[in-house]
>>> print(open('start_29.pdb').read())   # PDB, C-alpha atoms, pLDDT in the B column
ATOM      1  CA  ARG A 251     -12.557   0.526   5.735  1.00 93.00           C
ATOM      2  CA  HIS A 252     -14.730   2.287   3.176  1.00 93.00           C
ATOM      3  CA  ALA A 253     -12.845   0.793   0.226  1.00 94.00           C
ATOM      4  CA  LEU A 254     -12.999  -2.722   1.705  1.00 94.00           C
ATOM      5  CA  ARG A 255     -16.688  -2.421   2.559  1.00 94.00           C
ATOM      6  CA  LYS A 256     -17.381  -1.589  -1.103  1.00 94.00           C
ATOM      7  CA  ALA A 257     -15.146  -4.349  -2.513  1.00 94.00           C
ATOM      8  CA  ASP A 258     -16.432  -7.771  -3.577  1.00 93.00           C
ATOM      9  CA  PRO A 259     -14.367 -10.538  -1.906  1.00 92.00           C
ATOM     10  CA  SER A 260     -14.676 -12.761  -4.995  1.00 91.00           C
ATOM     11  CA  ASP A 261     -12.976 -10.095  -7.135  1.00 90.00           C
ATOM     12  CA  PRO A 262     -11.697  -7.405  -4.740  1.00 90.00           C
ATOM     13  CA  VAL A 263     -11.215  -4.165  -6.616  1.00 91.00           C
ATOM     14  CA  ILE A 264     -10.091  -1.643  -4.004  1.00 93.00           C
ATOM     15  CA  ILE A 265     -11.325   1.884  -4.798  1.00 94.00           C
ATOM     16  CA  TYR A 266     -10.531   4.513  -2.180  1.00 95.00           C
ATOM     17  CA  PRO A 267     -12.891   7.435  -1.514  1.00 96.00           C
ATOM     18  CA  ALA A 268     -11.960  11.044  -2.279  1.00 97.00           C
ATOM     19  CA  GLY A 269      -9.887  12.492   0.540  1.00 96.00           C
ATOM     20  CA  THR A 270      -7.942   9.265   1.134  1.00 95.00           C
ATOM     21  CA  THR A 271      -4.299  10.025   1.868  1.00 95.00           C
ATOM     22  CA  ILE A 272      -1.623   7.333   1.739  1.00 91.00           C
ATOM     23  CA  VAL A 273       1.796   8.056   3.231  1.00 92.00           C
ATOM     24  CA  GLY A 274       4.864   5.934   2.553  1.00 86.00           C
ATOM     25  CA  GLU A 275       8.264   6.185   4.182  1.00 86.00           C
ATOM     26  CA  HIS A 276      11.257   5.055   2.156  1.00 83.00           C
ATOM     27  CA  TRP A 277      14.184   4.016   4.324  1.00 81.00           C
ATOM     28  CA  GLY A 278      17.837   3.402   3.609  1.00 75.00           C
ATOM     29  CA  THR A 279      20.208   1.926   6.154  1.00 76.00           C
ATOM     30  CA  ASN A 280      18.691   3.265   9.396  1.00 82.00           C
ATOM     31  CA  GLN A 281      17.823   6.547   7.660  1.00 84.00           C
ATOM     32  CA  LEU A 282      14.584   7.994   6.328  1.00 87.00           C
ATOM     33  CA  LEU A 283      15.357   8.913   2.710  1.00 85.00           C
ATOM     34  CA  GLU A 284      12.014  10.395   1.745  1.00 90.00           C
ATOM     35  CA  THR A 285       8.303  10.413   2.441  1.00 93.00           C
ATOM     36  CA  THR A 286       5.852  10.000  -0.412  1.00 91.00           C
ATOM     37  CA  VAL A 287       2.226  11.043  -0.223  1.00 94.00           C
ATOM     38  CA  MET A 288      -0.736  10.239  -2.447  1.00 92.00           C
ATOM     39  CA  SER A 289      -3.976  12.121  -1.928  1.00 95.00           C
ATOM     40  CA  LYS A 290      -7.158  11.232  -3.823  1.00 95.00           C
ATOM     41  CA  ARG A 291      -9.014  14.148  -5.348  1.00 95.00           C
ATOM     42  CA  THR A 292     -12.773  14.502  -5.785  1.00 97.00           C
ATOM     43  CA  ASP A 293     -12.393  13.863  -9.533  1.00 96.00           C
ATOM     44  CA  GLY A 294     -10.991  10.389  -8.760  1.00 93.00           C
ATOM     45  CA  MET A 295      -7.402  11.209  -9.701  1.00 91.00           C
ATOM     46  CA  TRP A 296      -4.456  11.231  -7.293  1.00 92.00           C
ATOM     47  CA  ASP A 297      -2.020  13.995  -6.393  1.00 92.00           C
ATOM     48  CA  PHE A 298       1.572  12.897  -5.673  1.00 91.00           C
ATOM     49  CA  TYR A 299       4.072  14.560  -3.355  1.00 94.00           C
ATOM     50  CA  VAL A 300       7.648  13.738  -2.353  1.00 94.00           C
ATOM     51  CA  TYR A 301       9.293  15.158   0.766  1.00 95.00           C
ATOM     52  CA  GLY A 302      13.018  14.941   1.394  1.00 90.00           C
ATOM     53  CA  THR A 303      14.826  14.137   4.636  1.00 88.00           C
ATOM     54  CA  ASP A 304      14.554  17.826   5.546  1.00 90.00           C
ATOM     55  CA  GLY A 305      10.735  17.637   5.334  1.00 91.00           C
ATOM     56  CA  GLN A 306      10.675  19.981   2.343  1.00 94.00           C
ATOM     57  CA  LEU A 307       8.716  19.281  -0.839  1.00 94.00           C
ATOM     58  CA  SER A 308      10.999  17.792  -3.489  1.00 92.00           C
ATOM     59  CA  ASP A 309      10.744  17.619  -7.259  1.00 90.00           C
ATOM     60  CA  SER A 310      11.961  14.005  -7.407  1.00 86.00           C
ATOM     61  CA  THR A 311      12.290  10.777  -5.468  1.00 86.00           C
ATOM     62  CA  LYS A 312      15.603   9.506  -4.152  1.00 78.00           C
ATOM     63  CA  THR A 313      14.795   5.855  -4.814  1.00 70.00           C
ATOM     64  CA  GLU A 314      17.322   3.628  -6.542  1.00 68.00           C
ATOM     65  CA  PRO A 315      18.328   2.946  -9.188  1.00 68.00           C
ATOM     66  CA  LYS A 316      17.496   6.494 -10.363  1.00 75.00           C
ATOM     67  CA  PRO A 317      15.522   9.507  -9.130  1.00 80.00           C
ATOM     68  CA  LEU A 318      12.021   9.911 -10.562  1.00 81.00           C
ATOM     69  CA  ALA A 319      10.465  13.297 -11.296  1.00 83.00           C
ATOM     70  CA  SER A 320       7.467  14.134  -9.137  1.00 87.00           C
ATOM     71  CA  PRO A 321       4.591  14.166  -9.929  1.00 84.00           C
ATOM     72  CA  VAL A 322       4.962  13.151 -13.608  1.00 78.00           C
ATOM     73  CA  GLN A 323       6.957   9.943 -13.174  1.00 79.00           C
ATOM     74  CA  CYS A 324       5.020   9.084  -9.987  1.00 79.00           C
ATOM     75  CA  ALA A 325       1.850   8.998 -12.083  1.00 78.00           C
ATOM     76  CA  GLY A 326       3.642   7.011 -14.804  1.00 75.00           C
ATOM     77  CA  CYS A 327       4.471   4.148 -12.439  1.00 77.00           C
ATOM     78  CA  HIS A 328       1.181   4.202 -10.592  1.00 78.00           C
ATOM     79  CA  PHE A 329      -0.866   4.121 -13.793  1.00 77.00           C
ATOM     80  CA  GLY A 330       1.423   1.553 -15.414  1.00 73.00           C
ATOM     81  CA  THR A 331       1.351  -2.230 -15.117  1.00 75.00           C
ATOM     82  CA  ARG A 332       4.885  -3.077 -13.966  1.00 76.00           C
ATOM     83  CA  GLU A 333       5.210  -4.493 -10.452  1.00 76.00           C
ATOM     84  CA  PHE A 334       7.994  -3.265  -8.190  1.00 75.00           C
ATOM     85  CA  GLU A 335       9.920  -4.713  -5.279  1.00 74.00           C
ATOM     86  CA  PRO A 336       9.567  -5.217  -2.424  1.00 73.00           C
ATOM     87  CA  GLU A 337       5.758  -5.318  -2.815  1.00 74.00           C
ATOM     88  CA  LYS A 338       6.000  -7.610  -5.863  1.00 76.00           C
ATOM     89  CA  SER A 339       7.354 -10.445  -3.700  1.00 78.00           C
ATOM     90  CA  PHE A 340       5.486  -9.555  -0.487  1.00 75.00           C
ATOM     91  CA  PRO A 341       5.008 -11.369   1.894  1.00 74.00           C
ATOM     92  CA  ASP A 342       8.047 -13.331   0.690  1.00 78.00           C
ATOM     93  CA  PRO A 343      11.436 -11.606   0.857  1.00 79.00           C
ATOM     94  CA  ALA A 344      12.443  -9.530  -2.148  1.00 79.00           C
ATOM     95  CA  ARG A 345      15.748  -9.994  -3.932  1.00 80.00           C
ATOM     96  CA  PRO A 346      18.387  -7.477  -2.857  1.00 80.00           C
ATOM     97  CA  GLY A 347      18.443  -4.241  -4.827  1.00 74.00           C
ATOM     98  CA  PRO A 348      21.381  -2.203  -6.041  1.00 69.00           C
ATOM     99  CA  ASP A 349      21.809  -0.749  -2.540  1.00 67.00           C
ATOM    100  CA  GLY A 350      21.246  -3.939  -0.559  1.00 70.00           C
ATOM    101  CA  PRO A 351      18.198  -5.600   0.974  1.00 73.00           C
ATOM    102  CA  ARG A 352      14.690  -4.471   0.038  1.00 72.00           C
ATOM    103  CA  GLU A 353      12.022  -5.091   2.635  1.00 69.00           C
ATOM    104  CA  PHE A 354       8.412  -4.355   3.241  1.00 65.00           C
ATOM    105  CA  LEU A 355       7.987  -4.103   6.985  1.00 63.00           C
ATOM    106  CA  SER A 356       4.548  -5.191   8.128  1.00 60.00           C
ATOM    107  CA  PRO A 357       3.485  -4.342  11.657  1.00 62.00           C
ATOM    108  CA  THR A 358       1.419  -7.505  11.883  1.00 67.00           C
ATOM    109  CA  ALA A 359       1.757 -11.247  11.653  1.00 73.00           C
ATOM    110  CA  GLY A 360      -1.778 -11.430  10.193  1.00 81.00           C
ATOM    111  CA  VAL A 361      -0.502 -10.896   6.661  1.00 81.00           C
ATOM    112  CA  ASP A 362       0.238 -14.103   4.806  1.00 80.00           C
ATOM    113  CA  ALA A 363       0.453 -15.304   1.211  1.00 79.00           C
ATOM    114  CA  ALA A 364      -3.265 -16.202   1.076  1.00 83.00           C
ATOM    115  CA  LEU A 365      -4.301 -12.669   2.044  1.00 85.00           C
ATOM    116  CA  VAL A 366      -1.810 -11.105  -0.379  1.00 83.00           C
ATOM    117  CA  ASP A 367      -3.100 -13.355  -3.178  1.00 85.00           C
ATOM    118  CA  LEU A 368      -6.725 -12.609  -2.313  1.00 89.00           C
ATOM    119  CA  LEU A 369      -6.450  -8.845  -2.699  1.00 90.00           C
ATOM    120  CA  ASN A 370      -3.525  -8.783  -5.174  1.00 86.00           C
ATOM    121  CA  GLU A 371      -3.360  -5.026  -4.607  1.00 86.00           C
ATOM    122  CA  HIS A 372       0.080  -4.399  -6.024  1.00 79.00           C
ATOM    123  CA  GLY A 373      -0.516  -6.389  -9.204  1.00 82.00           C
ATOM    124  CA  ARG A 374      -4.119  -5.307  -9.736  1.00 85.00           C
ATOM    125  CA  ARG A 375      -3.477  -1.633  -8.958  1.00 83.00           C
ATOM    126  CA  SER A 376      -7.232  -1.104  -9.180  1.00 87.00           C
ATOM    127  CA  ASP A 377      -7.134   2.503  -7.966  1.00 88.00           C
ATOM    128  CA  SER A 378      -3.661   3.365  -9.269  1.00 85.00           C
ATOM    129  CA  VAL A 379      -2.261   2.538  -5.843  1.00 82.00           C
ATOM    130  CA  LEU A 380       1.074   0.748  -5.658  1.00 78.00           C
ATOM    131  CA  GLY A 381       1.338  -1.043  -2.364  1.00 78.00           C
ATOM    132  CA  VAL A 382      -0.428  -3.438  -0.040  1.00 82.00           C
ATOM    133  CA  TYR A 383      -2.348  -1.047   2.206  1.00 86.00           C
ATOM    134  CA  ALA A 384      -5.717  -2.843   2.452  1.00 91.00           C
ATOM    135  CA  THR A 385      -3.804  -6.122   2.798  1.00 89.00           C
ATOM    136  CA  ILE A 386      -1.931  -4.828   5.835  1.00 87.00           C
ATOM    137  CA  PHE A 387      -5.130  -3.405   7.325  1.00 89.00           C
ATOM    138  CA  LEU A 388      -6.931  -6.760   7.013  1.00 91.00           C
ATOM    139  CA  GLY A 389      -3.812  -8.431   8.422  1.00 89.00           C
ATOM    140  CA  GLN A 390      -4.018  -6.143  11.456  1.00 88.00           C
ATOM    141  CA  LEU A 391      -7.653  -7.143  11.917  1.00 90.00           C
ATOM    142  CA  ARG A 392      -6.673 -10.825  11.686  1.00 88.00           C
ATOM    143  CA  SER A 393      -4.045 -10.279  14.363  1.00 86.00           C
ATOM    144  CA  THR A 394      -6.679  -8.922  16.757  1.00 83.00           C
ATOM    145  CA  VAL A 395      -9.533 -11.307  15.855  1.00 74.00           C
ATOM    146  CA  ASP A 396      -9.447 -12.917  19.315  1.00 73.00           C
ATOM    147  CA  SER A 397      -9.299  -9.558  21.046  1.00 74.00           C
ATOM    148  CA  ASP A 398     -12.091  -7.488  22.526  1.00 79.00           C
ATOM    149  CA  ALA A 399     -10.398  -4.541  20.812  1.00 82.00           C
ATOM    150  CA  LEU A 400     -11.907  -5.588  17.463  1.00 86.00           C
ATOM    151  CA  SER A 401     -15.102  -3.595  16.848  1.00 89.00           C
ATOM    152  CA  ASP A 402     -18.218  -5.275  15.513  1.00 90.00           C
ATOM    153  CA  GLY A 403     -17.787  -3.393  12.215  1.00 92.00           C
ATOM    154  CA  ASP A 404     -14.166  -4.517  11.845  1.00 92.00           C
ATOM    155  CA  ARG A 405     -15.106  -8.100  12.764  1.00 90.00           C
ATOM    156  CA  LYS A 406     -17.810  -8.002  10.063  1.00 92.00           C
ATOM    157  CA  LEU A 407     -15.324  -6.647   7.528  1.00 92.00           C
ATOM    158  CA  LEU A 408     -12.781  -9.333   8.382  1.00 90.00           C
ATOM    159  CA  ASN A 409     -15.420 -12.058   8.124  1.00 91.00           C
ATOM    160  CA  LYS A 410     -16.460 -10.716   4.709  1.00 93.00           C
ATOM    161  CA  PHE A 411     -12.994 -11.425   3.314  1.00 91.00           C
ATOM    162  CA  MET A 412     -11.550 -14.155   5.524  1.00 86.00           C
ATOM    163  CA  GLY A 413     -14.531 -16.127   6.838  1.00 81.00           C
ATOM    164  CA  GLU A 414     -15.726 -16.590  10.412  1.00 60.00           C
ATOM    165  CA  ASP A 415     -12.393 -17.536  11.955  1.00 52.00           C
ATOM    166  CA  GLY A 416     -10.198 -15.104   9.993  1.00 53.00           C
TER     167      GLY A 416
END
>>> encode(input="start_29.pdb", output="structure tokens")
Amino acid sequence: RHALRKADPSDPVIIYPAGTTIVGEHWGTNQLLETTVMSKRTDGMWDFYVYGTDGQLSDSTKTEPKPLASPVQCAGCHFGTREFEPEKSFPDPARPGPDGPREFLSPTAGVDAALVDLLNEHGRRSDSVLGVYATIFLGQLRSTVDSDALSDGDRKLLNKFMGEDG
């Protein structure tokens, strides 16, 4: 919410506040392969962590096509400019990878191509964040726009980016 409140809808650069923690689960066929964590420090940089299926801290990812050393190669990708699947194609389906289908599972129907294009999080990578986290959050707000569950603050935030009717 903080990052979106600070962003300009005409050129939305998403900058997360210190203390923000982003958790990603990487799944194989019906199996959690690893959990990755990014945590923003007070100096504006990010710390990267990878946890294996056993929940223990790992020194590398298990992602295909090759493992990446953590945190060095994590930082390399996040601070780079290359886009990765499945976020690169999101919300459209990604091409299959070396181990089969690659999907980004969104818990909401409120995410569409217009919202993805508006924020362009994965391509812009304005805070060294790979992913579509603010996009999914706004999509969740869009999905509840007709609900009393949407707070006045969230309704205002949604209207800022999507207009009165979301």
>>> residues_near_point(input="start_29.pdb", point="(10.0, 18.8, -2.0)", cutoff="12 Å", atoms="only C-alpha atoms", output="PDB file with C-alpha atoms, keeping the file's coordinate frame")
ATOM      1  CA  GLU A 284      12.014  10.395   1.745  1.00 90.00           C
ATOM      2  CA  THR A 285       8.303  10.413   2.441  1.00 93.00           C
ATOM      3  CA  THR A 286       5.852  10.000  -0.412  1.00 91.00           C
ATOM      4  CA  VAL A 287       2.226  11.043  -0.223  1.00 94.00           C
ATOM      5  CA  PHE A 298       1.572  12.897  -5.673  1.00 91.00           C
ATOM      6  CA  TYR A 299       4.072  14.560  -3.355  1.00 94.00           C
ATOM      7  CA  VAL A 300       7.648  13.738  -2.353  1.00 94.00           C
ATOM      8  CA  TYR A 301       9.293  15.158   0.766  1.00 95.00           C
ATOM      9  CA  GLY A 302      13.018  14.941   1.394  1.00 90.00           C
ATOM     10  CA  THR A 303      14.826  14.137   4.636  1.00 88.00           C
ATOM     11  CA  ASP A 304      14.554  17.826   5.546  1.00 90.00           C
ATOM     12  CA  GLY A 305      10.735  17.637   5.334  1.00 91.00           C
ATOM     13  CA  GLN A 306      10.675  19.981   2.343  1.00 94.00           C
ATOM     14  CA  LEU A 307       8.716  19.281  -0.839  1.00 94.00           C
ATOM     15  CA  SER A 308      10.999  17.792  -3.489  1.00 92.00           C
ATOM     16  CA  ASP A 309      10.744  17.619  -7.259  1.00 90.00           C
ATOM     17  CA  SER A 310      11.961  14.005  -7.407  1.00 86.00           C
ATOM     18  CA  THR A 311      12.290  10.777  -5.468  1.00 86.00           C
ATOM     19  CA  LYS A 312      15.603   9.506  -4.152  1.00 78.00           C
ATOM     20  CA  ALA A 319      10.465  13.297 -11.296  1.00 83.00           C
ATOM     21  CA  SER A 320       7.467  14.134  -9.137  1.00 87.00           C
ATOM     22  CA  PRO A 321       4.591  14.166  -9.929  1.00 84.00           C
TER      23      PRO A 321
END
>>> closest_residue(input="start_29.pdb", among="A:Phe411, A:Phe334, A:Tyr266, A:Phe340", to="Asp377 (chain A)", atoms="only C-alpha atoms")
A:Tyr266
>>> resolve_selection(input="start_29.pdb", expression="the PyMOL selection byres ((chain A and resi 389-397) around 7)", output="PyMOL selection string")
chain A and resi 358-361+385-388+398-400+408+416
>>> write_last_selection(input="start_29.pdb", atoms="C-alpha atoms", output="short mmCIF file (atom, residue, chain, number, x, y, z; two decimals), keeping the file's coordinate frame")
data_model
loop_
_atom_site.label_atom_id
_atom_site.label_comp_id
_atom_site.auth_asym_id
_atom_site.auth_seq_id
_atom_site.Cartn_x
_atom_site.Cartn_y
_atom_site.Cartn_z
CA THR A 358 1.42 -7.50 11.88
CA ALA A 359 1.76 -11.25 11.65
CA GLY A 360 -1.78 -11.43 10.19
CA VAL A 361 -0.50 -10.90 6.66
CA THR A 385 -3.80 -6.12 2.80
CA ILE A 386 -1.93 -4.83 5.84
CA PHE A 387 -5.13 -3.40 7.32
CA LEU A 388 -6.93 -6.76 7.01
CA ASP A 398 -12.09 -7.49 22.53
CA ALA A 399 -10.40 -4.54 20.81
CA LEU A 400 -11.91 -5.59 17.46
CA LEU A 408 -12.78 -9.33 8.38
CA GLY A 416 -10.20 -15.10 9.99
#
>>> closest_residue(input="start_29.pdb", among="A:Met295, A:Leu380, A:Met288, A:Ile264", to="Cys327 (chain A)", atoms="only C-alpha atoms")
A:Leu380
>>> atom_distance(input="start_29.pdb", atom1="CA of Gly278 (chain A)", atom2="CA of Trp296 (chain A)")
26.0 Å
>>> residues_near_point(input="start_29.pdb", point="(-5.6, -12.6, -4.4)", cutoff="12 Å", atoms="all atoms listed in the file", output="PyMOL selection string")
chain A and resi 258-264+362-374+382+384-385+411-412
>>> atom_distance(input="start_29.pdb", atom1="CA of Leu282 (chain A)", atom2="CA of Gln323 (chain A)")
21.0 Å
>>> atom_distance(input="start_29.pdb", atom1="CA of Ala257 (chain A)", atom2="CA of Thr270 (chain A)")
15.8 Å
>>> closest_residue(input="start_29.pdb", among="A:His252, A:Lys290, A:Ala344, A:Arg352", to="Thr313 (chain A)", atoms="all atoms listed in the file")
A:Arg352
